[in-house]
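Step one of this worksheet: look at the structure below.
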Protein chains: 2
Amino acid sequence: MNNQIYIHNTLKGEKELFKPIHEGQIGMYVCGPTVYSDVHLGNCRTFISFDMIYRYLIHAGYKVRYVRNITDAGHLEASLAGKNRLDQLEPMEIVQKYTVGFHDIMALFNNHPPSIEPAATGHIIEQIEIVKSILDKGLAYESNGSVYFDVEKFDKTENYGELSGRKIEDLISGTRDLDGQDEKRSPLDFALWKKASPSHIMRWPSPWGEGFPGWHLECTAMSTKYLGDNFDIHGGGMDLKFPHHECEVAQGKASTGKAPVNYWLHANMLTLNGQKMSKSTGNTILPGELFSGDNDIMDKAYHPMVVRFFMMQAHYRSILDFSSAALSASEKGFNKLMTAISDLDKLQAGESSSANIKEIVGGFYSAMNDDFNTPVLVARMFEAATEINKIKAGSASISKTDLDLLNKELKAFAFDVLGLKPVKSGGGNELDAAMDIVLELRKNAREQKDWTTSDLIRDKLSEAGIVVKDSAEGTNWSIN
Amino acid sequence: MNNQIYIHNTLKGEKELFKPIHEGQIGMYVCGPTVYSDVHLGNCRTFISFDMIYRYLIHAGYKVRYVRNITDAGHLEASLAGKNRLDQLEPMEIVQKYTVGFHDIMALFNNHPPSIEPAATGHIIEQIEIVKSILDKGLAYESNGSVYFDVEKFDKTENYGELSGRKIEDLISGTRDLDGQDEKRSPLDFALWKKASPSHIMRWPSPWGEGFPGWHLECTAMSTKYLGDNFDIHGGGMDLKFPHHECEVAQGKASTGKAPVNYWLHANMLTLNGQKMSKSTGNTILPGELFSGDNDIMDKAYHPMVVRFFMMQAHYRSILDFSSAALSASEKGFNKLMTAISDLDKLQAGESSSANIKEIVGGFYSAMNDDFNTPVLVARMFEAATEINKIKAGSASISKTDLDLLNKELKAFAFDVLGLKPVKSGGGNELDAAMDIVLELRKNAREQKDWTTSDLIRDKLSEAGIVVKDSAEGTNWSIN
């Protein structure tokens, strides 16, 4: 905990020294996926960014409780006219499909699971309790079976717009002319509880009749339940800053009188070949398509670890553009870094070091302490890789103490902090190719009665547990 | 749907022809894991058994909605004395850890995720609603903030013990002398809702004060919510038959007036070296320890697919004993079957078939239609494997039509129904070994100025994307 970590806080619009509420402990909440469709690459970037932040906070010595929710209580509407329960569309079946898919993609990206992954539908009672408490404070009102947050009344004593920097006058003038707002006192008011129409499948009993929670309420309920009324860090994608996070601030203050969050962090978007991703224009790619190469946009398949490394080469608050050229360059960089790390174990220590290893390693920390500046960290790691290559080639030297330090810290930052993993050989194709060569050489050796070579091959394969069978149809091999 | 499937129904104590409630559709519920510790091998067997049943029902043409719950609302008690929210033990953190671990193990066993995987804490409102309805029917009573099911009153018009075959008189005489039952009218009565003591962490508001649902209620709530008040199949481990499933029958009938389930299926236990598994005697092994070989009980590591195949060689209603000898035998059988299946694609069709392939394939179906008799199915598949070996050796023949049939059905039963997967080469060790041989032969060839061999190796490696680098320190290779 000697690290002084500076974090860009959206609430202040600037970097500030991070001070946890409780010494050595951090509570962090990140808005998770809506599991009604495949997870987007943009969402993946957000979750990878916060995974990196979570990892660095742990590396810096904090005990972190990281909560990331699953938004499963969506606004899916459908006919309930099926002839029996099994015939009807079941939202939770859709939720399950995309939750499983989401977890699979997160695992491919080597994201740690969060400490708690609560689902919105698992916290309906908690949400109802918050609605009650805001009603009790007079900052919400019931209207036709729904409950709305009274933004203008809240703004009289608090500042609605505090997080996003918006002014309530501008918001009002921008929305006054909307239609169909008759249930609300003001178009700015947002739903805490919505009455369920007959076609709304997901519905629960409440003091206001059957309905479902408003969009913004679940995160207030789940973050405060597991982290307390006032906690350290709240993260999410930039697009959630307004209105979602602004409404969370308002809900938290209205229900408990406390600002819910000390540090608000927002991860930026990504673009594809310089354009916004969009299904309608076809300028879009799913993570799975990126990994398999099954797409018309990239030149080839990219391994999830290469994609992760690529993301780490940009700052989480910068827009990141995906392109074949950029990914190819990252792939080379990734391989260079992984090779240097695997070479570390083979280096011989000398009398002294030709480079200032402590300074290089110190640079890892100062990059990350500066609002998790991973591109600078990666640049420092490349400096280390270059030095490793020089030492390997004999044109530089390293002392035993420095080698131990570099070995420990370079691996820690690559694997623990950036969350990278060395890429293992692909699905056995290389083994097939290597075995083709081995068997061809074995055939040649036998034809030339070169029993030395032929015996060598037999013994080595046997040691490796590879069994070769000759038959009339040819030669086969298998793993024992 | 030409299959007439006979299922052993615990409710009847015998096999009977399966008839779905709705033509072509099946609703199936299986009691899932309690996620407060690592999943046991015995639980895995239950979930693998029902995965196989789920797979066969789909293969037989049914549309199946398979619901398997997560029991996360346990009875964990602990001090709430932490100095802040982050300091306190958080049950959902434990739940998350073991849920992730459970999913990982299920994936290694190649179990399909269920269609819906609801969590008990996600259905507190539904459970409260059922308690209300049973209270309304006069079959439960409130006592000191808890609500109990009135077993003796229920038994006056219904039959408590119907599923497990127990008699209420015997149950009463066996329990009369228990202490601390003063809240209950009868020791047989079971809790629908429990008042939370001050040290109980997981608690929710209810009409009876703060508390949590009784053990048996969650499955009634989640099964009927997603499958209807009366559904087709309910499965679980044999140990859950009484009291858990018996209480589910009672709760369902009391709240809706309907028998909740038409077919009750129970999977049997497993033993280890002939003894009950037990932590206290050390006669226990976790799935992960079985796969890694990191245990003192088995002779070596066993692949999850070998373990799955081993389980399939016993009927789901029989006790299964784990031992090195039995697993080794299964490993040989598994490899034999996988080799035969991979040979299928290489077979040449002839004029006619020497064996009755239609009968062999018909045997696959009749085995599974007989209460999912996987050991008989596996025996039939071995017959097919033997025939494949004969055809390959030229001592038997197969017609084109039969080859197509066998190819389709053997693969379907191995992969789709039994849920097996060919085992790919392990973590690259074999590739390392094969490359050692290639590089050694390359070195020899160069030393002997055998440029033909040396060029052959270079070209083939290059084709496979394997890059070899020579340097002063020796030769390295990597995958491009």
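We name chains A, B, ... following the order of the structure tokens; residues begin at 1 in each chain, and ligands are numbered from 1 as shown.
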
Find the residues of chain A in contact range of chain B, meaning any atom within 7 Å when counting only C-alpha atoms, and list them as a ChimeraX atom specification.
-> /A:27,85-86,92-93,96,115-117,121-123,227-228,425,428,430-431,433-435,437-438,457,460,464,479

Enumerate as a PyMOL selection string all residues of region 58-197 of chain B assigned to strand (DSSP E) by DSSP on the backbone, naming them with the chain letters and numbers the document uses.
-> chain B and resi 63-68+140-143+146-149+190-195

B:Thr281, B:Ser395, B:Thr220, B:Ile105: which is nearest Thr256 (chain B), counting only C-alpha atoms?
->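 Closest to Thr256 (chain B) of all the choices is B:Thr220.
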
Could you pull the residues within 12 Å of Gly101 (chain B), counting only C-alpha atoms, minus those fewer than 2 positions along the same chain, as a list in words?
->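 Neighbouring residues, sequence-local ones excluded: Pro113 of chain A; Pro33, Thr34, Val35, Tyr36, Ser37, Asp38, Val39, His40, Ile94, Val95, Gln96, Lys97, Tyr98, Thr99, His103, Asp104, Ile105, Met106, Ala107, Leu108, Leu286, Pro287 and Gly288 of chain B.
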
Mind writing the picked residues with C-alpha atoms as a PDB file, in the first residue's frame?
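Listed below is the output, part14.pdb:
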```pdb
ATOM      1  CA  PRO A 113     -15.065 -13.473 -12.284  1.00  0.00           C
TER       2      PRO A 113
ATOM      3  CA  PRO B  33     -26.134 -27.853  -6.121  1.00  0.00           C
ATOM      4  CA  THR B  34     -25.834 -26.036  -2.815  1.00  0.00           C
ATOM      5  CA  VAL B  35     -23.014 -23.646  -3.594  1.00  0.00           C
ATOM      6  CA  TYR B  36     -21.378 -23.320  -0.196  1.00  0.00           C
ATOM      7  CA  SER B  37     -18.557 -25.768  -0.948  1.00  0.00           C
ATOM      8  CA  ASP B  38     -16.915 -27.641  -3.840  1.00  0.00           C
ATOM      9  CA  VAL B  39     -19.250 -29.890  -5.800  1.00  0.00           C
ATOM     10  CA  HIS B  40     -18.907 -33.551  -4.804  1.00  0.00           C
ATOM     11  CA  ILE B  94     -19.025 -17.638  -1.187  1.00  0.00           C
ATOM     12  CA  VAL B  95     -21.936 -18.426  -3.513  1.00  0.00           C
ATOM     13  CA  GLN B  96     -20.111 -16.831  -6.442  1.00  0.00           C
ATOM     14  CA  LYS B  97     -16.883 -18.713  -5.798  1.00  0.00           C
ATOM     15  CA  TYR B  98     -18.554 -22.105  -5.703  1.00  0.00           C
ATOM     16  CA  THR B  99     -21.006 -21.363  -8.506  1.00  0.00           C
ATOM     17  CA  HIS B 103     -19.885 -24.459 -13.745  1.00  0.00           C
ATOM     18  CA  ASP B 104     -16.236 -25.168 -14.531  1.00  0.00           C
ATOM     19  CA  ILE B 105     -16.581 -28.789 -13.419  1.00  0.00           C
ATOM     20  CA  MET B 106     -19.853 -29.213 -15.323  1.00  0.00           C
ATOM     21  CA  ALA B 107     -18.148 -27.881 -18.467  1.00  0.00           C
ATOM     22  CA  LEU B 108     -15.224 -30.302 -18.038  1.00  0.00           C
ATOM     23  CA  LEU B 286     -12.953 -34.107  -5.528  1.00  0.00           C
ATOM     24  CA  PRO B 287     -13.554 -34.029  -9.304  1.00  0.00           C
ATOM     25  CA  GLY B 288     -10.562 -31.736  -9.794  1.00  0.00           C
TER      26      GLY B 288
END
```

9 Å contact set for region 352-361 of chain B, only C-alpha atoms, chain neighbours under 4 positions out, as a PyMOL selection string | chain B and resi 365-366+380-381+383-384+387+391+396-400+402-403+405-406+409-410

Quick one: DSSP helix (DSSP H, G or I) residues in region 119-185 of chain B, as an MDAnalysis selection string?
-> chainID B and resid 120:136 151:157 168:175

Selection file, C-alpha atoms, as a CSV table (one decimal), in the first residue's frame:
```csv
chain,number,residue,atom,x,y,z
B,120,ALA,CA,-33.2,-19.5,-4.7
B,121,THR,CA,-32.5,-16.0,-3.6
B,122,GLY,CA,-33.8,-14.8,-6.9
B,123,HIS,CA,-37.3,-16.2,-6.0
B,124,ILE,CA,-38.0,-15.0,-2.5
B,125,ILE,CA,-41.2,-13.2,-3.6
B,126,GLU,CA,-42.5,-16.3,-5.3
B,127,GLN,CA,-41.7,-18.4,-2.2
B,128,ILE,CA,-43.6,-15.9,0.0
B,129,GLU,CA,-46.6,-16.1,-2.4
B,130,ILE,CA,-46.7,-19.9,-2.0
B,131,VAL,CA,-46.5,-19.6,1.8
B,132,LYS,CA,-49.5,-17.3,1.7
B,133,SER,CA,-51.5,-19.6,-0.5
B,134,ILE,CA,-50.8,-22.6,1.8
B,135,LEU,CA,-51.8,-20.5,4.8
B,136,ASP,CA,-54.9,-19.5,3.0
B,151,VAL,CA,-48.3,-32.3,7.9
B,152,GLU,CA,-50.9,-34.2,9.9
B,153,LYS,CA,-53.7,-32.0,8.7
B,154,PHE,CA,-52.5,-32.4,5.1
B,155,ASP,CA,-52.4,-36.1,5.6
B,156,LYS,CA,-56.1,-36.2,6.5
B,157,THR,CA,-57.1,-35.6,2.9
B,168,ILE,CA,-47.0,-41.1,8.8
B,169,GLU,CA,-47.6,-43.3,11.9
B,170,ASP,CA,-44.0,-44.6,11.7
B,171,LEU,CA,-42.7,-41.1,11.1
B,172,ILE,CA,-44.5,-39.8,14.1
B,173,SER,CA,-43.3,-42.5,16.4
B,174,GLY,CA,-39.8,-42.0,15.2
B,175,THR,CA,-39.8,-38.3,16.0
```

Within 8 Å of region 292-309 of chain A using only C-alpha atoms, minus same-chain residues under 2 positions, as a list in words | Ile48, Leu108, Phe109, Asn110, Asn283, Ile285, Gly288, Glu289, Leu290, Met311, Met312, Gln313, Ser323, Ser324, Leu327, Ser330, Glu331, Phe334, Leu418, Leu420, Lys421, Pro422 and Val423 of chain A

Give me the residues within 10 Å of Tyr141 (chain A) as a PDB file with C-alpha atoms, in the first residue's frame, counting only C-alpha atoms and dropping any in the same chain fewer than 5 places off.
```pdb
ATOM      1  CA  VAL A 131     -38.736   2.733  -3.696  1.00  0.00           C
ATOM      2  CA  ILE A 134     -37.670   7.369  -1.494  1.00  0.00           C
ATOM      3  CA  LEU A 135     -41.465   7.682  -1.299  1.00  0.00           C
ATOM      4  CA  ASP A 136     -41.125   8.181   2.477  1.00  0.00           C
ATOM      5  CA  SER A 146     -46.069   3.241 -11.302  1.00  0.00           C
ATOM      6  CA  VAL A 147     -43.687   5.198  -9.073  1.00  0.00           C
ATOM      7  CA  TYR A 148     -41.553   8.062 -10.420  1.00  0.00           C
ATOM      8  CA  PHE A 149     -38.571   9.881  -9.004  1.00  0.00           C
ATOM      9  CA  ASP A 150     -39.297  13.599  -8.595  1.00  0.00           C
ATOM     10  CA  LYS A 184     -45.159  12.055 -14.873  1.00  0.00           C
ATOM     11  CA  ARG A 185     -45.136  15.453 -13.248  1.00  0.00           C
ATOM     12  CA  ASP A 189     -38.781  12.208 -13.813  1.00  0.00           C
ATOM     13  CA  ALA A 191     -39.482   5.398 -13.206  1.00  0.00           C
ATOM     14  CA  LEU A 192     -38.550   3.620  -9.983  1.00  0.00           C
TER      15      LEU A 192
END
```

Near Trp215 (chain A), within 12 Å and counting only C-alpha atoms, which residues show up once chain neighbours fewer than 6 positions away are dropped, as JSON, numbers by chain?
-> {"A": [31, 34, 71, 72, 73, 74, 75, 120, 121, 127, 148, 190, 191, 192, 193, 194, 221, 240, 243, 244, 245, 247, 248, 251]}

Could you turn the residues from that selection into a file that holds N, CA and C atoms, as a short mmCIF file (atom, residue, chain, number, x, y, z; two decimals), in the first residue's frame?
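And here is the file that came out, again_14.cif:
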```
data_model
loop_
_atom_site.label_atom_id
_atom_site.label_comp_id
_atom_site.auth_asym_id
_atom_site.auth_seq_id
_atom_site.Cartn_x
_atom_site.Cartn_y
_atom_site.Cartn_z
N CYS A 31 -21.30 -1.79 -13.70
CA CYS A 31 -22.54 -2.17 -14.38
C CYS A 31 -22.24 -3.29 -15.38
N THR A 34 -26.42 -6.67 -20.11
CA THR A 34 -27.83 -7.02 -20.28
C THR A 34 -27.84 -8.30 -21.11
N THR A 71 -27.90 -7.85 -15.71
CA THR A 71 -29.21 -7.24 -15.93
C THR A 71 -30.10 -8.24 -16.65
N ASP A 72 -30.90 -8.95 -15.86
CA ASP A 72 -31.77 -9.96 -16.47
C ASP A 72 -33.24 -9.55 -16.41
N ALA A 73 -33.55 -8.50 -15.66
CA ALA A 73 -34.94 -8.05 -15.58
C ALA A 73 -35.15 -6.98 -16.63
N GLY A 74 -35.26 -7.40 -17.85
CA GLY A 74 -35.39 -6.45 -18.94
C GLY A 74 -36.83 -6.10 -19.18
N HIS A 75 -37.03 -5.47 -20.28
CA HIS A 75 -38.36 -4.96 -20.59
C HIS A 75 -38.98 -5.75 -21.73
N ALA A 120 -30.40 -8.88 -11.32
CA ALA A 120 -31.44 -7.89 -10.99
C ALA A 120 -32.71 -8.57 -10.48
N THR A 121 -33.14 -9.66 -11.11
CA THR A 121 -34.38 -10.31 -10.67
C THR A 121 -34.20 -10.98 -9.31
N GLN A 127 -35.19 -3.75 -4.20
CA GLN A 127 -35.55 -2.59 -5.02
C GLN A 127 -36.86 -1.97 -4.52
N TYR A 148 -42.58 7.26 -9.75
CA TYR A 148 -41.55 8.06 -10.42
C TYR A 148 -40.72 8.86 -9.43
N PHE A 190 -37.97 9.96 -13.67
CA PHE A 190 -37.72 8.61 -14.20
C PHE A 190 -38.40 7.58 -13.31
N ALA A 191 -38.71 6.42 -13.92
CA ALA A 191 -39.48 5.40 -13.21
C ALA A 191 -38.62 4.67 -12.19
N LEU A 192 -39.16 4.50 -10.98
CA LEU A 192 -38.55 3.62 -9.98
C LEU A 192 -39.26 2.27 -10.04
N TRP A 193 -40.53 2.31 -10.35
CA TRP A 193 -41.34 1.09 -10.46
C TRP A 193 -42.35 1.30 -11.58
N LYS A 194 -42.47 0.29 -12.45
CA LYS A 194 -43.39 0.43 -13.58
C LYS A 194 -44.52 -0.58 -13.45
N ALA A 221 -29.72 -0.84 -5.84
CA ALA A 221 -30.05 -1.88 -4.86
C ALA A 221 -28.88 -2.83 -4.65
N LEU A 240 -23.09 5.07 -20.11
CA LEU A 240 -24.00 4.92 -18.96
C LEU A 240 -23.97 6.12 -18.02
N PRO A 243 -28.33 8.77 -18.71
CA PRO A 243 -28.87 9.11 -17.40
C PRO A 243 -28.60 8.07 -16.31
N HIS A 244 -28.09 6.86 -16.69
CA HIS A 244 -28.08 5.77 -15.71
C HIS A 244 -27.34 6.11 -14.42
N HIS A 245 -26.09 6.53 -14.55
CA HIS A 245 -25.31 6.78 -13.33
C HIS A 245 -25.78 8.04 -12.60
N CYS A 247 -28.79 8.94 -12.38
CA CYS A 247 -29.97 8.50 -11.62
C CYS A 247 -29.57 7.68 -10.41
N GLU A 248 -28.47 6.91 -10.54
CA GLU A 248 -27.99 6.17 -9.37
C GLU A 248 -27.56 7.12 -8.25
N GLN A 251 -30.79 8.45 -6.75
CA GLN A 251 -31.50 7.43 -5.97
C GLN A 251 -30.80 7.18 -4.63
#
```

What separation in Å, quoted to one decimal, exists between CA of Pro375 (chain B) and CA of Leu11 (chain B)?
->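 According to the coordinates, CA of Pro375 (chain B) and CA of Leu11 (chain B) are separated by 24.1 Å.
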